[in-house]
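The block underneath contains the structure these notes are about, expressed in structure tokens.
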Amino acid sequence: MTGPVIGIVGGTGWLGRAIASAVLAKGFVTPDRLVVSSRSPAAALPGWPDVACVADNRDLAARSDVIILSVRPEQFPSVDVNASGKLLISFMAGVPATALAASTNAVRIVRAMPNAAAEIGKSFTPWFASAAVGHVDKVLVRQLFETCGTADEVFHETDIDYLTALTGSGPAFPALLAMAMLGHARTRSLPESVAKRAVKAVITEASALLAAENASMEETVRTFLDYRGTTAAGLRAMIDGGFMDAVEAGLDAAEAAALAMLRPR
């Protein structure tokens, strides 16, 4: 059975390219059933010569059954796409389903927020579907997002705006913690290579314990606090120093930024 043709507007940006590469590598679609738009079509997806690369988004929309909008929110007003009768998937922060419907004529609309880890197949992608999106569409959406990681459907559109802040930032928040730890390690005059390996071991390796089934973040922290050792001393100092408040403020700010994307400035 032949699958749908998927078109990615912004298919040469970092996220569009990551999604395109994932669906091709996992065999979700064959190259002849993928269309991407690019201002320089000839160089859009090197290595996949059978992928159609077009410069006109109207052409992409006409060819596609599923249209993915992978552009920045401020670019949305200039995107000319007629998605009438098509499944429309938007990766844009802060653009509500009502605005997507008004601009594209789509009725079946999904808002989703993959993150940069899509490049390595580790994105967590929350997604929200409008009432017109049926079971078959939802199966397709889940399978599409699982080509580049894991996915969860949420049932309130406001949840996508919040998760844009929480998970859409991808590696940025762990990278900030790693940067702070590395900066501190450098004050101890450690060899640079040792300092970097030590920090990465904490951020990317030791934290993998949280991925285990039934792992509890609260129990992990409580266990170390109750042990009253060096880790407990570090945790207590971070908490008392406002670590939790700083994280809450950061997430609040990121959520507010997502909601403000299309507001007049």
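Note on naming: chains are A, B, ... as they come in the structure tokens, residues start from 1 per chain, ligands start from 1 in the order shown.
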**Asked** Which parts of range 10-93 of chain A does DSSP call strand (DSSP E) when run on the backbone here, written out as a list in words?
**Response**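 Going through range 10-93 of chain A, the strand (DSSP E) residues come out as Leu34, Val35, Val36, Ser37, Ala52, Cys53, Val54, Val66, Ile67, Ile68, Leu69, Leu87, Leu88, Ile89 and Ser90 of chain A.
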Quick one: write out the picked residues with C-alpha atoms as a PDB file, in the first residue's frame?
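Output (result_24.pdb):
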```pdb
ATOM      1  CA  LEU A  34       8.906  13.300   0.373  1.00  0.00           C
ATOM      2  CA  VAL A  35       8.885  16.917  -0.806  1.00  0.00           C
ATOM      3  CA  VAL A  36      10.892  19.701   0.826  1.00  0.00           C
ATOM      4  CA  SER A  37      10.966  23.387   0.066  1.00  0.00           C
ATOM      5  CA  ALA A  52      11.605  16.379  -4.591  1.00  0.00           C
ATOM      6  CA  CYS A  53      13.015  19.796  -3.726  1.00  0.00           C
ATOM      7  CA  VAL A  54      10.967  22.825  -4.693  1.00  0.00           C
ATOM      8  CA  VAL A  66       0.668  15.863   4.859  1.00  0.00           C
ATOM      9  CA  ILE A  67       2.222  19.322   5.207  1.00  0.00           C
ATOM     10  CA  ILE A  68       4.753  20.079   7.933  1.00  0.00           C
ATOM     11  CA  LEU A  69       5.457  23.728   8.735  1.00  0.00           C
ATOM     12  CA  LEU A  87      -3.216  17.121   7.438  1.00  0.00           C
ATOM     13  CA  LEU A  88      -1.218  20.119   8.661  1.00  0.00           C
ATOM     14  CA  ILE A  89       1.533  19.689  11.281  1.00  0.00           C
ATOM     15  CA  SER A  90       3.088  22.815  12.739  1.00  0.00           C
TER      16      SER A  90
END
```
Please identify all polymer residues within 10 Å of Asp56 in chain A, counting only C-alpha atoms, omitting same-chain residues fewer than 3 positions from it, and present them as a compact mmCIF listing (two decimals) with N, CA, C and O atoms, in the first residue's frame.
```
# COMPACT_ATOMS: atom_id res chain seq x y z
N VAL A 9 7.73 22.25 4.71
CA VAL A 9 8.06 23.65 4.45
C VAL A 9 9.16 24.05 5.42
O VAL A 9 8.99 23.95 6.63
N VAL A 36 10.43 18.64 -0.07
CA VAL A 36 10.89 19.70 0.83
C VAL A 36 11.01 20.99 0.04
O VAL A 36 11.26 20.98 -1.17
N SER A 37 10.79 22.10 0.73
CA SER A 37 10.97 23.39 0.07
C SER A 37 12.27 24.02 0.51
O SER A 37 12.69 23.87 1.66
N SER A 38 12.89 24.72 -0.40
CA SER A 38 14.17 25.36 -0.13
C SER A 38 14.38 26.49 -1.12
O SER A 38 13.93 26.41 -2.27
N ARG A 39 15.04 27.55 -0.67
CA ARG A 39 15.38 28.63 -1.59
C ARG A 39 16.45 28.19 -2.58
O ARG A 39 16.62 28.79 -3.63
N PRO A 41 16.91 24.73 -4.05
CA PRO A 41 16.45 23.34 -4.13
C PRO A 41 17.53 22.33 -4.47
O PRO A 41 17.52 21.20 -3.98
N CYS A 53 12.66 18.54 -4.38
CA CYS A 53 13.02 19.80 -3.73
C CYS A 53 12.47 20.94 -4.56
O CYS A 53 12.80 21.05 -5.75
N ASP A 59 3.62 24.92 -4.59
CA ASP A 59 3.89 23.69 -5.32
C ASP A 59 3.98 22.52 -4.34
O ASP A 59 3.42 21.45 -4.56
N LEU A 60 4.71 22.73 -3.25
CA LEU A 60 4.84 21.69 -2.22
C LEU A 60 3.48 21.27 -1.70
O LEU A 60 3.17 20.08 -1.57
N ALA A 61 2.63 22.25 -1.38
CA ALA A 61 1.31 21.95 -0.82
C ALA A 61 0.46 21.15 -1.80
O ALA A 61 -0.25 20.22 -1.42
N VAL A 79 4.25 32.78 4.73
CA VAL A 79 4.16 31.43 4.16
C VAL A 79 2.84 31.27 3.42
O VAL A 79 1.76 31.41 4.01
N ASP A 80 2.91 31.00 2.14
CA ASP A 80 1.72 30.86 1.29
C ASP A 80 1.47 29.37 1.05
O ASP A 80 2.08 28.77 0.18
N VAL A 81 0.57 28.80 1.86
CA VAL A 81 0.26 27.37 1.76
C VAL A 81 -1.24 27.17 1.87
O VAL A 81 -1.87 27.64 2.81
```
**Message:** Let me make sure I understand: among A:Gly11, A:Gly250, A:Pro46, A:Pro77, which one has the smallest atom-to-atom distance to Leu176 in chain A if we use only C-alpha atoms?
**Reply:**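 Going through A:Gly11, A:Gly250, A:Pro46, A:Pro77 one by one, the smallest distance to Leu176 in chain A is for A:Gly250.
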**Request:** Write out as a list in words each polymer residue whose atoms come within 10 Å of range 135-141 of chain A, counting only C-alpha atoms; drop sequence neighbours fewer than 2 positions from it.
**Result:**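 Final neighbour list, sorted by chain and number: Gly3, Pro4, Phe28, Val66, Leu87, Ile89, Arg108, Ile109, Val110, Ala112, Trp127, Phe128, Ala129, Ala132, Val133, Gln143, Leu144, Phe145, Glu146, Ala151 and Glu153 of chain A.
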Residues from last step as file, N, CA and C atoms, as an mmCIF file, in the first residue's frame:
```cif
data_model
loop_
_atom_site.group_PDB
_atom_site.id
_atom_site.type_symbol
_atom_site.label_atom_id
_atom_site.label_comp_id
_atom_site.auth_asym_id
_atom_site.auth_seq_id
_atom_site.Cartn_x
_atom_site.Cartn_y
_atom_site.Cartn_z
ATOM 1 N N GLY A 3 2.009 4.947 0.812
ATOM 2 C CA GLY A 3 1.783 5.869 1.904
ATOM 3 C C GLY A 3 1.574 7.279 1.410
ATOM 4 N N PRO A 4 1.299 8.192 2.330
ATOM 5 C CA PRO A 4 1.047 9.577 1.946
ATOM 6 C C PRO A 4 2.325 10.273 1.503
ATOM 7 N N PHE A 28 10.071 5.377 6.990
ATOM 8 C CA PHE A 28 8.688 5.817 7.192
ATOM 9 C C PHE A 28 8.073 6.262 5.869
ATOM 10 N N VAL A 66 0.350 15.383 3.512
ATOM 11 C CA VAL A 66 0.668 15.863 4.859
ATOM 12 C C VAL A 66 1.658 17.006 4.702
ATOM 13 N N LEU A 87 -3.628 17.130 6.038
ATOM 14 C CA LEU A 87 -3.216 17.121 7.438
ATOM 15 C C LEU A 87 -2.066 18.106 7.582
ATOM 16 N N ILE A 89 0.765 19.836 10.036
ATOM 17 C CA ILE A 89 1.533 19.689 11.281
ATOM 18 C C ILE A 89 2.433 20.907 11.419
ATOM 19 N N ARG A 108 -7.733 19.777 9.711
ATOM 20 C CA ARG A 108 -7.011 18.735 10.473
ATOM 21 C C ARG A 108 -5.628 19.293 10.817
ATOM 22 N N ILE A 109 -5.469 19.713 12.049
ATOM 23 C CA ILE A 109 -4.264 20.438 12.465
ATOM 24 C C ILE A 109 -3.622 19.778 13.672
ATOM 25 N N VAL A 110 -2.310 19.630 13.614
ATOM 26 C CA VAL A 110 -1.524 19.136 14.742
ATOM 27 C C VAL A 110 -0.449 20.166 15.052
ATOM 28 N N ALA A 112 2.988 20.569 17.237
ATOM 29 C CA ALA A 112 3.974 19.701 17.869
ATOM 30 C C ALA A 112 5.245 20.480 18.138
ATOM 31 N N TRP A 127 2.572 16.548 21.239
ATOM 32 C CA TRP A 127 1.750 17.030 20.130
ATOM 33 C C TRP A 127 0.286 17.118 20.534
ATOM 34 N N PHE A 128 -0.380 18.100 19.944
ATOM 35 C CA PHE A 128 -1.806 18.357 20.201
ATOM 36 C C PHE A 128 -2.546 18.331 18.874
ATOM 37 N N ALA A 129 -3.690 17.647 18.845
ATOM 38 C CA ALA A 129 -4.465 17.522 17.610
ATOM 39 C C ALA A 129 -5.808 18.225 17.746
ATOM 40 N N ALA A 132 -10.774 17.694 14.525
ATOM 41 C CA ALA A 132 -11.010 17.053 13.227
ATOM 42 C C ALA A 132 -9.988 15.980 12.888
ATOM 43 N N VAL A 133 -8.934 15.865 13.685
ATOM 44 C CA VAL A 133 -7.890 14.868 13.421
ATOM 45 C C VAL A 133 -8.369 13.509 13.927
ATOM 46 N N GLN A 143 3.698 7.729 14.664
ATOM 47 C CA GLN A 143 4.750 6.968 14.001
ATOM 48 C C GLN A 143 5.797 7.897 13.385
ATOM 49 N N LEU A 144 5.349 9.010 12.833
ATOM 50 C CA LEU A 144 6.276 9.973 12.244
ATOM 51 C C LEU A 144 7.236 10.503 13.311
ATOM 52 N N PHE A 145 6.687 10.922 14.457
ATOM 53 C CA PHE A 145 7.539 11.492 15.500
ATOM 54 C C PHE A 145 8.429 10.448 16.157
ATOM 55 N N GLU A 146 7.991 9.207 16.169
ATOM 56 C CA GLU A 146 8.809 8.166 16.773
ATOM 57 C C GLU A 146 9.994 7.774 15.895
ATOM 58 N N ALA A 151 7.275 10.285 21.707
ATOM 59 C CA ALA A 151 6.239 11.286 21.522
ATOM 60 C C ALA A 151 5.066 11.015 22.451
ATOM 61 N N GLU A 153 0.904 12.467 22.991
ATOM 62 C CA GLU A 153 -0.193 13.364 22.662
ATOM 63 C C GLU A 153 -0.661 14.063 23.933
#
```
**Prompt:** So which one's closest to Ala178 in chain A, A:Lys200, A:Met92, A:Asn105, A:Val194? Using only C-alpha atoms, please.
**Reply:**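 Closest to Ala178 in chain A, using only C-alpha atoms: A:Lys200.
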**Item:** Residue neighbourhood Leu182 in chain A, 8 Å, only C-alpha atoms, exclusion window fewer than 5 positions, as a PyMOL selection string
**Value:** chain A and resi 195-196+199
Take the selection from the previous step and output its residues with C-alpha atoms, as a tab-separated table (two decimals), in the first residue's frame.
```
chain	number	residue	atom	x	y	z
A	195	ALA	CA	37.25	18.77	33.33
A	196	LYS	CA	35.17	18.36	30.17
A	199	VAL	CA	31.18	17.27	33.38
```
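Reported to one decimal place, the separation of CA of Leu210 in chain A from CA of Lys26 in chain A is 26.5 Å.
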Non-local contacts of Val95 in chain A (9 Å; only C-alpha atoms; under 6 positions in same chain excluded) as a compact mmCIF listing (two decimals) with all heavy atoms, in the first residue's frame:
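This is the output file selection.txt:
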```txt
# COMPACT_ATOMS: atom_id res chain seq x y z
N PRO A 73 8.28 31.26 13.77
CA PRO A 73 6.96 31.90 13.87
C PRO A 73 6.86 33.23 13.14
O PRO A 73 5.84 33.54 12.53
CB PRO A 73 6.77 32.07 15.38
CG PRO A 73 7.62 31.02 15.99
CD PRO A 73 8.80 30.87 15.10
N PHE A 76 5.88 32.96 9.54
CA PHE A 76 4.58 32.38 9.23
C PHE A 76 3.70 33.30 8.38
O PHE A 76 3.07 32.84 7.42
CB PHE A 76 3.87 31.99 10.53
CG PHE A 76 2.48 31.46 10.34
CD1 PHE A 76 2.23 30.41 9.48
CD2 PHE A 76 1.41 32.02 11.03
CE1 PHE A 76 0.94 29.91 9.31
CE2 PHE A 76 0.13 31.54 10.87
CZ PHE A 76 -0.12 30.48 10.00
N ARG A 111 -0.37 20.55 16.32
CA ARG A 111 0.75 21.38 16.77
C ARG A 111 1.71 20.48 17.54
O ARG A 111 1.29 19.71 18.42
CB ARG A 111 0.27 22.50 17.69
CG ARG A 111 -0.45 23.63 16.98
CD ARG A 111 -0.73 24.77 17.94
NE ARG A 111 0.51 25.30 18.51
CZ ARG A 111 0.56 26.07 19.60
NH1 ARG A 111 -0.54 26.38 20.26
NH2 ARG A 111 1.72 26.52 20.04
N ALA A 258 7.15 32.06 24.21
CA ALA A 258 6.41 31.27 23.23
C ALA A 258 5.05 31.89 22.96
O ALA A 258 4.61 32.02 21.81
CB ALA A 258 6.25 29.84 23.71
N LEU A 259 4.38 32.33 24.01
CA LEU A 259 3.04 32.91 23.87
C LEU A 259 3.08 34.26 23.17
O LEU A 259 2.09 34.69 22.58
CB LEU A 259 2.39 33.04 25.24
CG LEU A 259 2.04 31.72 25.94
CD1 LEU A 259 1.62 31.97 27.37
CD2 LEU A 259 0.95 30.98 25.18
N MET A 261 5.09 35.12 20.67
CA MET A 261 5.74 35.04 19.36
C MET A 261 5.03 35.87 18.29
O MET A 261 5.67 36.54 17.49
CB MET A 261 5.82 33.59 18.90
CG MET A 261 6.92 32.79 19.56
SD MET A 261 8.55 33.37 19.04
CE MET A 261 9.59 32.20 19.91
N LEU A 262 3.71 35.82 18.26
CA LEU A 262 2.98 36.50 17.18
C LEU A 262 2.29 37.79 17.63
O LEU A 262 1.53 38.37 16.88
CB LEU A 262 1.93 35.57 16.57
CG LEU A 262 2.47 34.44 15.69
CD1 LEU A 262 1.36 33.69 15.05
CD2 LEU A 262 3.42 34.98 14.62
```
